[in-house]
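Worksheet: one structure, shown below.
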Amino acid sequence: GIGGQPGFAVLNNRVVFEGLDNAGHQALWSTDGTSAGTMEILVGTQPRDFADDGSFVLFNDLGAAGHETLWITDGTAAGTHEITGIANVDPLAGLIPQDLTTSNGLVLFEGSDAAGNNGFWISNGTAAGTVEITATHENANGFFSSVNPSFGTFGQEAVFGGQDDSGNVGLWITNYTSAGTTEIAPGSITGAFSRFNPGSFIVYQGKLYFAAENN
């Protein structure tokens, strides 16, 4: 049977999820909603933290080196593999992708870079397209050195809560490039607390709403 509380992701006309097989192995599964169409596609792994853009699903799993890294699946065994060759990854611990979130055809996540910092990464499902996004006034230990990321999409850009070089957790906006990533709060918002901690993003009638702390 399927054990625990599995994560799910929708991929075309199928659903990808994690679960146990009849040998008690944790595995990656795919289903079309029928028993006959439910199959195990990757066995003996630890898949978690799924994000889909409609054409593929990215997820965290153990790689060949035994580290947590980024994987991709199209819902088939043949189309499921570790994304190897990603540059600037922590050589000791691996990428450790966490909090994967889809935004405008990309997947955003927290990852560990070559300096061991917890930074902001994006991926288009390829090694070359999986890169860390840095910014002026980002904390020296990374955006997420002491805070869990929260991502949202606003038009053709993304927003997230990240730590700046003053140690404040502020609101940042990005066009998915380092040059286009800037902090817009707390410094520019009257009444904002130093640890603004924005999250729970939602767009309604062209405006971005979110939860945050004030002073």
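Starting from 1 in every chain, residues are counted up; chains themselves are A, B, ... following the order of the structure tokens, and ligands are numbered from 1 as listed.
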Next on the checklist: Would you pick out the contacts of A:Ala127 at 10 Å or less, using only C-alpha atoms, so that residues sharing its chain but fewer than 6 positions from it are not included, and give the list as a PyMOL selection string?
Outcome noted: chain A and resi 70+82-87
Please produce a file of those selected residues containing N, CA and C atoms, as a PDB file, in the first residue's frame.
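Final output, saved to result_20.pdb:
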```pdb
ATOM      1  N   LEU A  70      18.456  17.715  -7.587  1.00  0.00           N
ATOM      2  CA  LEU A  70      17.275  17.999  -8.394  1.00  0.00           C
ATOM      3  C   LEU A  70      17.066  16.894  -9.425  1.00  0.00           C
ATOM      4  N   GLU A  82      18.084  12.122 -12.651  1.00  0.00           N
ATOM      5  CA  GLU A  82      18.781  13.189 -11.930  1.00  0.00           C
ATOM      6  C   GLU A  82      19.293  14.215 -12.937  1.00  0.00           C
ATOM      7  N   ILE A  83      19.168  15.489 -12.600  1.00  0.00           N
ATOM      8  CA  ILE A  83      19.737  16.537 -13.452  1.00  0.00           C
ATOM      9  C   ILE A  83      21.194  16.715 -13.030  1.00  0.00           C
ATOM     10  N   THR A  84      22.096  16.163 -13.803  1.00  0.00           N
ATOM     11  CA  THR A  84      23.515  16.217 -13.471  1.00  0.00           C
ATOM     12  C   THR A  84      24.193  17.394 -14.159  1.00  0.00           C
ATOM     13  N   GLY A  85      25.365  17.784 -13.635  1.00  0.00           N
ATOM     14  CA  GLY A  85      26.144  18.843 -14.263  1.00  0.00           C
ATOM     15  C   GLY A  85      25.732  20.239 -13.871  1.00  0.00           C
ATOM     16  N   ILE A  86      24.935  20.389 -12.798  1.00  0.00           N
ATOM     17  CA  ILE A  86      24.546  21.726 -12.333  1.00  0.00           C
ATOM     18  C   ILE A  86      25.764  22.402 -11.711  1.00  0.00           C
ATOM     19  N   ALA A  87      26.044  23.624 -12.119  1.00  0.00           N
ATOM     20  CA  ALA A  87      27.224  24.350 -11.642  1.00  0.00           C
ATOM     21  C   ALA A  87      26.972  25.035 -10.299  1.00  0.00           C
TER      22      ALA A  87
END
```
May I have a table of the residues of stretch 133-187 of chain A lying at most 7 Å from stretch 106-124 of chain A, giving each one's closest pair of atoms and their distance in Å to one decimal, counting only C-alpha atoms, ordered by chain and ascending residue number, as a tab-separated table?
```
residue	atom	partner	partner_atom	distance
A:Ile133	CA	A:Phe120	CA	5.5
A:Asn141	CA	A:Asn117	CA	5.0
A:Gly142	CA	A:Gly119	CA	4.6
A:Phe143	CA	A:Gly119	CA	5.2
A:Phe144	CA	A:Asn118	CA	5.2
A:Ser145	CA	A:Asn118	CA	5.4
A:Pro149	CA	A:Glu110	CA	6.9
```
Next on the checklist: From a backbone DSSP assignment, name each residue in stretch 29-157 of chain A labelled strand (DSSP E or B), as a ChimeraX atom specification.
Outcome noted: /A:29-31,39-43,48-52,57-62,68-73,81-82,89,98-103,106-113,118-123,131-133,138,151-154,157
Go ahead and save the picked residues with C-alpha atoms, as a PDB file, in the first residue's frame.
```
ATOM      1  CA  TRP A  29       4.631   6.624  -8.861  1.00  0.00           C
ATOM      2  CA  SER A  30       2.491   7.873 -11.719  1.00  0.00           C
ATOM      3  CA  THR A  31      -1.241   7.425 -12.232  1.00  0.00           C
ATOM      4  CA  MET A  39       2.694   2.429 -12.058  1.00  0.00           C
ATOM      5  CA  GLU A  40       5.929   2.646 -10.128  1.00  0.00           C
ATOM      6  CA  ILE A  41       8.480   4.625 -12.129  1.00  0.00           C
ATOM      7  CA  LEU A  42      11.427   5.003  -9.731  1.00  0.00           C
ATOM      8  CA  VAL A  43      12.110   2.595  -6.858  1.00  0.00           C
ATOM      9  CA  ARG A  48       9.697  14.863  -2.177  1.00  0.00           C
ATOM     10  CA  ASP A  49       8.912  18.541  -2.729  1.00  0.00           C
ATOM     11  CA  PHE A  50       7.317  18.352  -6.201  1.00  0.00           C
ATOM     12  CA  ALA A  51       6.791  21.302  -8.549  1.00  0.00           C
ATOM     13  CA  ASP A  52       5.264  21.090 -12.031  1.00  0.00           C
ATOM     14  CA  VAL A  57       7.893  17.794 -12.714  1.00  0.00           C
ATOM     15  CA  LEU A  58      10.970  18.694 -10.708  1.00  0.00           C
ATOM     16  CA  PHE A  59      11.575  17.177  -7.295  1.00  0.00           C
ATOM     17  CA  ASN A  60      14.152  16.593  -4.578  1.00  0.00           C
ATOM     18  CA  ASP A  61      15.701  13.120  -4.373  1.00  0.00           C
ATOM     19  CA  LEU A  62      18.995  11.435  -3.567  1.00  0.00           C
ATOM     20  CA  GLU A  68      19.863  15.579  -2.130  1.00  0.00           C
ATOM     21  CA  THR A  69      19.677  16.999  -5.620  1.00  0.00           C
ATOM     22  CA  LEU A  70      17.275  17.999  -8.394  1.00  0.00           C
ATOM     23  CA  TRP A  71      15.436  15.383 -10.467  1.00  0.00           C
ATOM     24  CA  ILE A  72      13.027  15.660 -13.388  1.00  0.00           C
ATOM     25  CA  THR A  73      10.241  13.383 -14.609  1.00  0.00           C
ATOM     26  CA  HIS A  81      16.463  11.137 -14.092  1.00  0.00           C
ATOM     27  CA  GLU A  82      18.781  13.189 -11.930  1.00  0.00           C
ATOM     28  CA  VAL A  89      26.596  23.391  -6.104  1.00  0.00           C
ATOM     29  CA  GLN A  98      13.781  22.834  -0.990  1.00  0.00           C
ATOM     30  CA  ASP A  99      10.426  24.626  -1.229  1.00  0.00           C
ATOM     31  CA  LEU A 100      10.119  24.087  -4.992  1.00  0.00           C
ATOM     32  CA  THR A 101       7.543  26.464  -6.509  1.00  0.00           C
ATOM     33  CA  THR A 102       6.430  26.983 -10.114  1.00  0.00           C
ATOM     34  CA  SER A 103       6.473  30.519 -11.526  1.00  0.00           C
ATOM     35  CA  LEU A 106      10.331  28.117 -14.158  1.00  0.00           C
ATOM     36  CA  VAL A 107      10.801  26.354 -10.833  1.00  0.00           C
ATOM     37  CA  LEU A 108      12.051  28.470  -7.931  1.00  0.00           C
ATOM     38  CA  PHE A 109      13.676  26.945  -4.872  1.00  0.00           C
ATOM     39  CA  GLU A 110      16.158  27.274  -2.045  1.00  0.00           C
ATOM     40  CA  GLY A 111      19.483  25.566  -2.745  1.00  0.00           C
ATOM     41  CA  SER A 112      22.968  25.246  -1.308  1.00  0.00           C
ATOM     42  CA  ASP A 113      25.739  26.807  -3.410  1.00  0.00           C
ATOM     43  CA  ASN A 118      21.336  28.913   1.225  1.00  0.00           C
ATOM     44  CA  GLY A 119      20.471  30.873  -1.869  1.00  0.00           C
ATOM     45  CA  PHE A 120      17.696  31.527  -4.379  1.00  0.00           C
ATOM     46  CA  TRP A 121      17.791  29.226  -7.420  1.00  0.00           C
ATOM     47  CA  ILE A 122      15.723  28.828 -10.578  1.00  0.00           C
ATOM     48  CA  SER A 123      15.470  25.938 -13.039  1.00  0.00           C
ATOM     49  CA  VAL A 131      21.298  28.671 -11.699  1.00  0.00           C
ATOM     50  CA  GLU A 132      21.568  30.654  -8.499  1.00  0.00           C
ATOM     51  CA  ILE A 133      20.113  34.172  -8.562  1.00  0.00           C
ATOM     52  CA  GLU A 138      21.596  40.015  -0.403  1.00  0.00           C
ATOM     53  CA  PHE A 151       7.537  32.429  -3.231  1.00  0.00           C
ATOM     54  CA  GLY A 152       4.734  34.023  -5.212  1.00  0.00           C
ATOM     55  CA  THR A 153       4.087  35.063  -8.815  1.00  0.00           C
ATOM     56  CA  PHE A 154       3.023  38.588  -9.748  1.00  0.00           C
ATOM     57  CA  GLU A 157       7.818  38.470 -12.099  1.00  0.00           C
TER      58      GLU A 157
END
```
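Between atom CA of A:Val147 and atom CA of A:Ala9 there is a distance of 25.1 Å.
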